[in-house]
Amino acid sequence: METDSLVRLLLLLPLAGAVFNGILPLFIPSLRHRETLIGTVGTAVVAVPFLIAAYLFAGFHGEAHVANFYTWMAAGDFSVSFAYRVDQLSLLMTLVVTGVGALIHLYSVGYMHGDPGFWRFFAYLNLFVFAMLNLVLGDNLLVLFLGWEGVGLCSYLLIGFWYTDLKNSAAGNKAFIMNRVGDFAFLLAMFIFVKEIGSLDFARVIAEGPTMDQSTINWAVLLLFIGATGKSAQIPLFTWLPDAMAGPTPVSALIHAATMVTSGLYMLARLSPVVLAAPAIMNVIAIVGALTAIVAATIAITQNDIKKVLAYSTVSQLGYMFVASGVGAFFVAIFHVMTHAFFKGCLFLGSGSVIHGMHHVEHELHKDGHGHHLDPQDMRTMGGLKKYMPSTQKTFLLATLAISGIPLLSGFFSKDEILFKAFEAGTTGMSAAWFAWVVGLVTAFLTAVYMARAYYLTFEGTPRWPHADKLHPHESPWTITTPLWVLGILSVVGGYVGIPAVIGHGEYNLIHHFLAGGHGPVAERAVEAHVSLGTEWGLIVLGSLVAIVGFWTGRRLYLKDGLASDAALASRFGGAWKLWQGKYFVDELYEKIVVRPVIGGAEKAFAPFDKYVVDGMVNAVGYVTRAISYVLRYLQTGLVQSYAVAIVFGVLLVVGMMLFG
Amino acid sequence: MEVTLNWYLTLAAVLFVIGVMGVLLRRNVIVILMSVELMLNAVNLTLVAFSQSMADPAGQILVFFVMSVAAAEAAVGLAIVIAIFRSRLTIDVTDINLFRY
C-alpha cells in the first residue's frame, strides 16, 4: 500500500541519516570534516520526512491508518507488532517534529560549524528524530516506549555532547537517571495494561482501559503520569531540564523545548479516554501542572543565564500543558505543544544566535590579550544587541510577545484556551481546576515579566561586555537566521488554527475539530454546562490584560534600569527572591534526601554485600573447581606410557563391547 | 599344507600385541617408535591378507598410504627424539614428564 511504504520511508530516512553521519565517518575519518555533505544529508533526511508527512496530511481523510510491518514478539495470546498509526494526532506531532526538526538541523549547520564533533552531532540529531517518530507514530505502548527510551538516550548523548567537560557529562547523567525514575513508573503502567487487558495496542487499551475497575484505572493513570513527569520535567522530576542546557543550543531547542519534553503530553492525549476515566488522578495532574508552572516561572525571573531562563520557561509552559490535560482538554495541550514548539524553538535558536555572537566577542577579547573572562550566556554581559543582530532581535521579540500571550499572537490563543478550559472545568465542579486557573493566571503574568526581562536585558539598553566601544558581535549567517524567521513568523500565525469559541461558536477552532471533534483520536471531558458568551469574552479580555500588564511591567523595569531593577527586586522580595534564585533548593534537597542516602547506603549496606555475597559466590566457584582438581590431577602423570595404557584399555573395552555386548 | 587366511591373521595379531607391549613397557623412545612401526606393519599384513583372499586391490592400495604416513611419522618422531636428546641428554620416557601435575 502506498501509505505503508511512505510511512516506512518517513521512519527509515532519519535512521539512514544517522548511519550515514555516525557509522561511516567512524571508519572513514576523512568524511568527518566534510561539513557540507554531512549537514546536507543530515538536514535532508529530516526535511524529506516533513514533505512526506505534509503529503499524508494533505491526503488525510479522517480515517486512521495502521501500517503493520511485522510482529516483534508473540507469546501465547500476547503479541506486539512494529505497527505505526497514522491519524490526526500522530500526523500533527509528526509535522511538528519533522518541520521544527528540519529547521533546527539547518540551523545546526551554521551553529556547529567548525566543531570537531560535527558529524557526531548530526548522527545523534538524526537518531533522535528517528526515535521521536517512533514515539509519535507507534501504534502500541511498546513501540512508543521504544521511541521514549530512544529519545532519552539521544538526549543523554547530546546533553553530554561536549563530554570533555565533566559538568556536561554530569548533566547528561542527571537527565538520564531522573528519566529512569519516570520510565520505571511507565513500565509498571504497561504491566498493568498487559495484566488486565492482555494487549498494548492503543485500540484495545483505549477501548478496554476504562472498563477496568476504578482503583486499577487510577493506578495505571497515576503511573502513566509519573512517567510523563520524568520525560516532561514536572514536579518532582523537573530539575534535570535546566541542567540539560549544558548541551549545544540547537539540542535545547529541538529536544528540550519543542519535541521530546512534550512526549508526556502526547502520551496522555493518546490515552485520553483512559485518563478521563480517572477523575481523581486528573485533579493530581492539574495541580502538579499548575504548581510546576508557577514554581518554574518564579525561578525564571531570577536567572541570569539566558538559556536557564528559557529552560525554566519551558518547564513552566509544560506545566500549563499538564493543566490542560488535567482539566480534560487534551487537544488544547497538543495545541500548546505546537505553538510552544514554534515560539520556544525560535527563542532558543535566537539565544543560540546571541551566544554565537558573544562567543565571537569572547574570542576577540582573548585575542587582544585583555584576559577578561566572559560567559557568553550571561545576560549581565549583554545588552544593546539590537544594533548588531537585527534579525535575531526581531524574531526574538516576536517569539517573546507570543509566549507572553500578547493578543493575536500564537501563544495568546493556546494559553487563553488552557485558562478558559480550566475555568470551564472549575464551573462544572472540578475544584482543582479553580486552583489551576488562578495559578495559571498568575503564571501568565510572571511569564510576560520574565520574558520581557530576558528580551530587554539582552537586546536593549547599552552594551555591558568589556571594551564594547571597540568590539561587538555580528549577525549570524543565513543558515541561522532563516530558521529564526520561519519560526518567528509561525509564532505569529501559528495560533489561528485554534480560534476561541467566542467567534462563530467554535466553528473556526480547526484544531479542536481535527483532533477531538468527530472521529478525532483525542477524547475530552464532557461539559455539562457551557460558560456564557459574556463570561468567555470577559476571560479573554482578562487574559489579554494580564499579558499586556505583565509585559509592560517587565518593560518599565528593565528597559532603562536594566540590572539595577534586579537589585531593586531582590531587596524588595528579600527571602523569596533568594528562594527563587536558589531554585527552591530542590537540587540541594534531592542531594540530601536521595543522592547522599543512596550513595551512603550503598557504601554501608551494599559494599559488604558485594564483598561477601557477590564476590563470595565468584570465589566459591573457584574454590570448588580447585578442590575437585586437587583429586583429579593425579591422573596427569606426564608419562606417555600411562596414557597409552588408558588408550589400550579403552580399545579393549570398546572391542569387548562390540564382540560380546 | 595350505597357508590359509587365518595364519596371516594370527601372525598379524601376534605382531600387533608385541608392538603394543613394546610401546607400553619399553623405556627407550626409539624402541617405542619401532614398536609403533611393528603395529602398523601388523595392520598392513592384515590388509594385504584380506585383499588377497577377497580379490580386492583396495586393501593393497591402502597399505601404500599407511607406509607413506608411517615414514612421515617416523621422520617427525625421530626429529623430536633428537631435539629432546639435545636439551635433556636422555631418551628415557620416564624422565620426559614435563606435563606432570
# chains A, B, ... in the order shown; residues from 1 in each chain; ligands from 1
>>> closest_atom_pairs(of="chain A", to="chain B", cutoff="8 Å", atoms="only C-alpha atoms", output="JSON lines")
{"residue": "A:Arg633", "atom": "CA", "partner": "B:Tyr101", "partner_atom": "CA", "distance": 6.0}
{"residue": "A:Tyr634", "atom": "CA", "partner": "B:Tyr101", "partner_atom": "CA", "distance": 6.6}
{"residue": "A:Gln636", "atom": "CA", "partner": "B:Tyr101", "partner_atom": "CA", "distance": 5.5}
{"residue": "A:Thr637", "atom": "CA", "partner": "B:Arg100", "partner_atom": "CA", "distance": 4.7}
{"residue": "A:Gly638", "atom": "CA", "partner": "B:Arg100", "partner_atom": "CA", "distance": 4.0}
{"residue": "A:Leu639", "atom": "CA", "partner": "B:Asn97", "partner_atom": "CA", "distance": 5.5}
{"residue": "A:Val640", "atom": "CA", "partner": "B:Val93", "partner_atom": "CA", "distance": 7.2}
{"residue": "A:Gln641", "atom": "CA", "partner": "B:Leu24", "partner_atom": "CA", "distance": 5.4}
{"residue": "A:Ser642", "atom": "CA", "partner": "B:Leu24", "partner_atom": "CA", "distance": 7.7}
{"residue": "A:Ala644", "atom": "CA", "partner": "B:Leu24", "partner_atom": "CA", "distance": 6.7}
{"residue": "A:Val645", "atom": "CA", "partner": "B:Leu24", "partner_atom": "CA", "distance": 6.6}
>>> residues_around(residues="region 337-347 of chain A", least_positions_apart="6", cutoff="7 Å", atoms="only C-alpha atoms", output="PyMOL selection string")
chain A and resi 96+253-254+257-258+262+396+399+402-403+410-411+484+487-488+490-491+494-495
>>> residues_around(residues="Phe85 (chain B)", least_positions_apart="4", cutoff="12 Å", atoms="only C-alpha atoms", output="number ranges by chain")
B: 28-30, 78-81, 89-93, 95-96
>>> residues_around(residues="region 352-362 of chain A", least_positions_apart="3", cutoff="6 Å", atoms="only C-alpha atoms", output="PDB file with N, CA and C atoms, in the first residue's frame")
ATOM      1  N   THR A 249      23.033  24.531  21.873  1.00  0.00           N
ATOM      2  CA  THR A 249      21.737  25.207  21.869  1.00  0.00           C
ATOM      3  C   THR A 249      20.706  24.590  20.906  1.00  0.00           C
ATOM      4  N   LEU A 349      16.628  29.167  19.570  1.00  0.00           N
ATOM      5  CA  LEU A 349      17.536  29.388  18.447  1.00  0.00           C
ATOM      6  C   LEU A 349      18.061  30.824  18.475  1.00  0.00           C
ATOM      7  N   LEU A 365      38.267  39.209  22.580  1.00  0.00           N
ATOM      8  CA  LEU A 365      38.872  39.683  23.829  1.00  0.00           C
ATOM      9  C   LEU A 365      40.131  38.900  24.140  1.00  0.00           C
ATOM     10  N   LEU A 374      34.609  36.038  29.935  1.00  0.00           N
ATOM     11  CA  LEU A 374      33.270  36.457  29.553  1.00  0.00           C
ATOM     12  C   LEU A 374      32.425  35.209  29.362  1.00  0.00           C
ATOM     13  N   PRO A 376      29.527  33.722  27.676  1.00  0.00           N
ATOM     14  CA  PRO A 376      28.706  34.163  26.540  1.00  0.00           C
ATOM     15  C   PRO A 376      27.216  33.923  26.739  1.00  0.00           C
ATOM     16  N   GLN A 377      26.826  33.244  27.832  1.00  0.00           N
ATOM     17  CA  GLN A 377      25.400  33.019  28.043  1.00  0.00           C
ATOM     18  C   GLN A 377      24.830  33.937  29.115  1.00  0.00           C
ATOM     19  N   PRO A 473      29.516  41.907  18.603  1.00  0.00           N
ATOM     20  CA  PRO A 473      29.170  40.686  17.870  1.00  0.00           C
ATOM     21  C   PRO A 473      28.582  41.010  16.505  1.00  0.00           C
ATOM     22  N   HIS A 474      28.563  40.003  15.632  1.00  0.00           N
ATOM     23  CA  HIS A 474      27.978  40.167  14.307  1.00  0.00           C
ATOM     24  C   HIS A 474      26.738  39.302  14.170  1.00  0.00           C
TER      25      HIS A 474
END
>>> atom_distance(atom1="CA of Leu457 (chain A)", atom2="CA of Gly562 (chain A)")
6.0 Å
>>> select_by_dssp(residues="region 404-433 of chain A", states="alpha helix (DSSP H)", output="compact mmCIF listing (two decimals) with all heavy atoms, in the first residue's frame")
# COMPACT_ATOMS: atom_id res chain seq x y z
N SER A 404 4.43 35.48 25.76
CA SER A 404 3.82 36.27 26.83
C SER A 404 2.31 36.28 26.73
O SER A 404 1.62 36.65 27.67
CB SER A 404 4.32 37.72 26.76
OG SER A 404 5.72 37.74 26.83
N SER A 410 0.42 33.66 18.51
CA SER A 410 0.04 32.25 18.68
C SER A 410 -0.13 31.86 20.15
O SER A 410 -1.05 31.15 20.51
CB SER A 410 1.07 31.36 18.02
OG SER A 410 2.32 31.49 18.66
N GLY A 411 0.81 32.32 21.00
CA GLY A 411 0.75 31.91 22.39
C GLY A 411 -0.53 32.36 23.07
O GLY A 411 -1.05 31.69 23.97
N PHE A 412 -1.07 33.48 22.64
CA PHE A 412 -2.31 34.00 23.20
C PHE A 412 -3.44 32.99 23.04
O PHE A 412 -4.16 32.68 23.99
CB PHE A 412 -2.65 35.32 22.51
CG PHE A 412 -4.06 35.77 22.71
CD1 PHE A 412 -4.46 36.31 23.93
CD2 PHE A 412 -4.98 35.66 21.69
CE1 PHE A 412 -5.75 36.74 24.11
CE2 PHE A 412 -6.28 36.08 21.87
CZ PHE A 412 -6.67 36.62 23.08
N PHE A 413 -3.58 32.43 21.83
CA PHE A 413 -4.70 31.54 21.57
C PHE A 413 -4.61 30.28 22.41
O PHE A 413 -5.58 29.87 23.03
CB PHE A 413 -4.74 31.17 20.09
CG PHE A 413 -5.12 32.32 19.21
CD1 PHE A 413 -4.17 32.96 18.45
CD2 PHE A 413 -6.42 32.76 19.18
CE1 PHE A 413 -4.53 34.02 17.64
CE2 PHE A 413 -6.78 33.83 18.38
CZ PHE A 413 -5.83 34.47 17.61
N SER A 414 -3.40 29.67 22.42
CA SER A 414 -3.31 28.39 23.12
C SER A 414 -3.36 28.59 24.62
O SER A 414 -4.04 27.85 25.34
CB SER A 414 -2.03 27.65 22.70
OG SER A 414 -0.91 28.48 22.81
N LYS A 415 -2.68 29.62 25.12
CA LYS A 415 -2.66 29.83 26.57
C LYS A 415 -4.04 30.22 27.06
O LYS A 415 -4.52 29.75 28.10
CB LYS A 415 -1.63 30.91 26.92
CG LYS A 415 -1.36 31.00 28.39
CD LYS A 415 -0.35 32.07 28.69
CE LYS A 415 1.04 31.66 28.25
NZ LYS A 415 2.06 32.64 28.67
N ASP A 416 -4.70 31.09 26.30
CA ASP A 416 -6.02 31.52 26.70
C ASP A 416 -6.99 30.35 26.71
O ASP A 416 -7.84 30.24 27.59
CB ASP A 416 -6.50 32.58 25.72
CG ASP A 416 -7.49 33.50 26.39
OD1 ASP A 416 -7.06 34.25 27.28
OD2 ASP A 416 -8.68 33.41 26.04
N GLU A 417 -6.82 29.47 25.75
CA GLU A 417 -7.70 28.30 25.68
C GLU A 417 -7.49 27.41 26.91
O GLU A 417 -8.46 26.87 27.46
CB GLU A 417 -7.40 27.52 24.39
CG GLU A 417 -8.38 26.43 24.06
CD GLU A 417 -9.66 26.95 23.41
OE1 GLU A 417 -9.79 28.18 23.28
OE2 GLU A 417 -10.52 26.12 23.08
N ILE A 418 -6.22 27.28 27.34
CA ILE A 418 -5.96 26.47 28.53
C ILE A 418 -6.65 27.08 29.74
O ILE A 418 -7.35 26.40 30.50
CB ILE A 418 -4.43 26.36 28.78
CG1 ILE A 418 -3.78 25.51 27.70
CG2 ILE A 418 -4.16 25.76 30.16
CD1 ILE A 418 -2.29 25.43 27.80
N LEU A 419 -6.46 28.40 29.90
CA LEU A 419 -7.07 29.06 31.06
C LEU A 419 -8.59 28.96 30.99
O LEU A 419 -9.27 28.72 31.99
CB LEU A 419 -6.63 30.53 31.12
CG LEU A 419 -5.16 30.71 31.47
CD1 LEU A 419 -4.76 32.17 31.38
CD2 LEU A 419 -4.87 30.17 32.87
N PHE A 420 -9.13 29.12 29.78
CA PHE A 420 -10.58 29.03 29.62
C PHE A 420 -11.07 27.64 29.99
O PHE A 420 -12.07 27.48 30.70
CB PHE A 420 -10.97 29.37 28.18
CG PHE A 420 -12.41 29.07 27.90
CD1 PHE A 420 -13.41 29.82 28.51
CD2 PHE A 420 -12.77 28.02 27.07
CE1 PHE A 420 -14.74 29.53 28.27
CE2 PHE A 420 -14.10 27.73 26.83
CZ PHE A 420 -15.09 28.49 27.43
N LYS A 421 -10.37 26.61 29.54
CA LYS A 421 -10.79 25.24 29.83
C LYS A 421 -10.72 24.97 31.32
O LYS A 421 -11.56 24.26 31.88
CB LYS A 421 -9.92 24.25 29.07
CG LYS A 421 -10.21 24.20 27.59
CD LYS A 421 -11.54 23.52 27.32
CE LYS A 421 -11.89 23.62 25.85
NZ LYS A 421 -13.25 23.13 25.56
N ALA A 422 -9.67 25.52 31.97
CA ALA A 422 -9.56 25.34 33.41
C ALA A 422 -10.74 26.01 34.10
O ALA A 422 -11.36 25.44 35.01
CB ALA A 422 -8.23 25.92 33.90
N PHE A 423 -11.07 27.22 33.66
CA PHE A 423 -12.21 27.95 34.22
C PHE A 423 -13.49 27.15 34.02
O PHE A 423 -14.29 26.96 34.95
CB PHE A 423 -12.31 29.32 33.54
CG PHE A 423 -13.37 30.20 34.11
CD1 PHE A 423 -13.11 31.00 35.22
CD2 PHE A 423 -14.63 30.23 33.55
CE1 PHE A 423 -14.10 31.81 35.74
CE2 PHE A 423 -15.62 31.04 34.07
CZ PHE A 423 -15.36 31.83 35.17
N GLU A 424 -13.67 26.66 32.80
CA GLU A 424 -14.87 25.91 32.47
C GLU A 424 -14.99 24.66 33.34
O GLU A 424 -16.06 24.36 33.89
CB GLU A 424 -14.81 25.50 31.00
CG GLU A 424 -16.11 24.98 30.44
CD GLU A 424 -15.95 24.57 28.99
OE1 GLU A 424 -15.02 23.79 28.69
OE2 GLU A 424 -16.73 25.04 28.17
N ALA A 425 -13.84 23.95 33.50
CA ALA A 425 -13.86 22.76 34.35
C ALA A 425 -14.18 23.15 35.78
O ALA A 425 -14.87 22.42 36.51
CB ALA A 425 -12.52 22.04 34.27
N GLY A 426 -13.69 24.32 36.20
CA GLY A 426 -13.98 24.78 37.56
C GLY A 426 -15.47 25.02 37.77
O GLY A 426 -16.04 24.60 38.77
N THR A 427 -16.11 25.66 36.79
CA THR A 427 -17.53 25.95 36.96
C THR A 427 -18.37 24.68 36.92
O THR A 427 -19.50 24.69 37.38
CB THR A 427 -18.04 26.88 35.83
OG1 THR A 427 -17.72 26.28 34.58
CG2 THR A 427 -17.41 28.25 35.93
N SER A 431 -12.86 21.04 41.48
CA SER A 431 -12.31 22.06 42.36
C SER A 431 -10.84 22.35 42.05
O SER A 431 -10.39 23.50 42.12
CB SER A 431 -12.46 21.63 43.82
OG SER A 431 -12.04 20.31 43.95
N ALA A 432 -10.09 21.30 41.68
CA ALA A 432 -8.67 21.53 41.38
C ALA A 432 -8.50 22.48 40.22
O ALA A 432 -7.49 23.19 40.11
CB ALA A 432 -7.99 20.20 41.07
N ALA A 433 -9.51 22.53 39.33
CA ALA A 433 -9.40 23.38 38.17
C ALA A 433 -9.39 24.86 38.56
O ALA A 433 -8.72 25.67 37.93
CB ALA A 433 -10.55 23.10 37.20
>>> residues_around(residues="His513 (chain A)", least_positions_apart="2", cutoff="12 Å", atoms="only C-alpha atoms", output="VMD selection string")
chain A and resid 62 88 to 89 331 to 332 335 497 to 499 501 506 to 511 515 to 524
>>> write_last_selection(atoms="N, CA, C and O atoms", output="short mmCIF file (atom, residue, chain, number, x, y, z; two decimals), in the first residue's frame")
data_model
loop_
_atom_site.label_atom_id
_atom_site.label_comp_id
_atom_site.auth_asym_id
_atom_site.auth_seq_id
_atom_site.Cartn_x
_atom_site.Cartn_y
_atom_site.Cartn_z
N GLY A 62 -9.50 11.43 7.46
CA GLY A 62 -10.18 11.27 8.74
C GLY A 62 -10.23 9.84 9.24
O GLY A 62 -10.71 9.57 10.33
N GLN A 88 -4.94 11.75 13.12
CA GLN A 88 -4.85 13.19 13.28
C GLN A 88 -3.74 13.58 14.25
O GLN A 88 -2.90 14.45 13.97
N LEU A 89 -3.73 12.88 15.40
CA LEU A 89 -2.78 13.25 16.45
C LEU A 89 -1.35 12.98 16.02
O LEU A 89 -0.46 13.83 16.14
N PHE A 331 -6.74 18.21 23.68
CA PHE A 331 -6.41 18.81 22.38
C PHE A 331 -5.77 20.18 22.57
O PHE A 331 -4.93 20.60 21.79
N VAL A 332 -6.17 20.89 23.66
CA VAL A 332 -5.55 22.18 23.92
C VAL A 332 -4.10 21.99 24.31
O VAL A 332 -3.23 22.78 23.93
N PHE A 335 -2.35 21.58 21.22
CA PHE A 335 -2.31 22.89 20.58
C PHE A 335 -1.16 23.72 21.15
O PHE A 335 -0.34 24.30 20.43
N VAL A 497 -5.06 28.37 14.02
CA VAL A 497 -5.79 27.12 13.82
C VAL A 497 -6.72 26.86 15.01
O VAL A 497 -7.52 25.94 14.97
N GLY A 498 -6.58 27.66 16.07
CA GLY A 498 -7.41 27.41 17.24
C GLY A 498 -8.11 28.66 17.72
O GLY A 498 -7.90 29.11 18.85
N ILE A 499 -8.95 29.23 16.88
CA ILE A 499 -9.66 30.45 17.25
C ILE A 499 -10.72 30.11 18.30
O ILE A 499 -11.46 29.15 18.14
N ALA A 501 -13.88 29.86 20.98
CA ALA A 501 -15.28 29.58 20.65
C ALA A 501 -16.16 30.82 20.62
O ALA A 501 -17.28 30.76 20.13
N GLY A 506 -17.11 28.36 18.03
CA GLY A 506 -16.12 27.29 17.91
C GLY A 506 -16.01 26.71 16.52
O GLY A 506 -15.29 25.74 16.29
N GLU A 507 -16.71 27.32 15.57
CA GLU A 507 -16.68 26.78 14.22
C GLU A 507 -15.27 26.87 13.61
O GLU A 507 -14.88 26.05 12.80
N TYR A 508 -14.53 27.90 14.04
CA TYR A 508 -13.21 28.12 13.44
C TYR A 508 -12.09 27.53 14.27
O TYR A 508 -10.94 27.77 14.00
N ASN A 509 -12.46 26.79 15.32
CA ASN A 509 -11.43 26.15 16.11
C ASN A 509 -11.00 24.87 15.41
O ASN A 509 -11.39 23.76 15.77
N LEU A 510 -10.17 25.05 14.36
CA LEU A 510 -9.85 23.93 13.48
C LEU A 510 -9.18 22.79 14.24
O LEU A 510 -9.45 21.62 14.00
N ILE A 511 -8.29 23.16 15.17
CA ILE A 511 -7.52 22.11 15.82
C ILE A 511 -8.43 21.24 16.68
O ILE A 511 -8.24 20.03 16.80
N LEU A 515 -8.57 17.28 15.99
CA LEU A 515 -8.08 16.31 16.96
C LEU A 515 -9.21 15.65 17.75
O LEU A 515 -9.19 14.45 17.96
N ALA A 516 -10.17 16.46 18.18
CA ALA A 516 -11.12 15.94 19.15
C ALA A 516 -12.51 15.72 18.57
O ALA A 516 -13.15 14.71 18.84
N GLY A 517 -12.97 16.66 17.76
CA GLY A 517 -14.34 16.54 17.27
C GLY A 517 -14.48 15.37 16.30
O GLY A 517 -13.54 14.93 15.67
N GLY A 518 -15.69 14.85 16.20
CA GLY A 518 -15.97 13.80 15.23
C GLY A 518 -15.16 12.55 15.46
O GLY A 518 -15.24 11.93 16.51
N HIS A 519 -14.32 12.20 14.48
CA HIS A 519 -13.59 10.94 14.56
C HIS A 519 -12.19 11.12 15.15
O HIS A 519 -11.40 10.20 15.11
N GLY A 520 -11.88 12.28 15.64
CA GLY A 520 -10.53 12.53 16.16
C GLY A 520 -10.18 11.58 17.29
O GLY A 520 -11.05 11.09 18.01
N PRO A 521 -8.90 11.29 17.44
CA PRO A 521 -8.47 10.31 18.43
C PRO A 521 -8.41 10.84 19.85
O PRO A 521 -8.24 10.07 20.79
N VAL A 522 -8.55 12.15 20.03
CA VAL A 522 -8.36 12.71 21.37
C VAL A 522 -9.73 12.92 22.02
O VAL A 522 -10.58 13.61 21.48
N ALA A 523 -9.89 12.32 23.18
CA ALA A 523 -11.16 12.50 23.90
C ALA A 523 -11.10 13.79 24.70
O ALA A 523 -10.04 14.38 24.88
N GLU A 524 -12.24 14.27 25.16
CA GLU A 524 -12.23 15.43 26.05
C GLU A 524 -13.30 15.26 27.12
O GLU A 524 -14.19 14.42 27.01
#
>>> closest_residue(among="B:Val31, B:Val43, B:Ile84, B:Val3", to="Phe64 (chain B)", atoms="only C-alpha atoms")
B:Val43
>>> residues_around(residues="Met39 (chain B)", least_positions_apart="6", cutoff="7 Å", atoms="only C-alpha atoms", output="VMD selection string")
chain B and resid 15 to 16 19 to 20
>>> write_last_selection(atoms="C-alpha atoms", output="CSV table (one decimal), in the first residue's frame")
chain,number,residue,atom,x,y,z
B,15,LEU,CA,53.0,-58.9,15.9
B,16,PHE,CA,50.4,-56.3,16.9
B,19,GLY,CA,54.1,-53.9,19.3
B,20,VAL,CA,51.6,-52.8,21.9
>>> atom_distance(atom1="CA of Lys195 (chain A)", atom2="CA of Val275 (chain A)")
18.0 Å
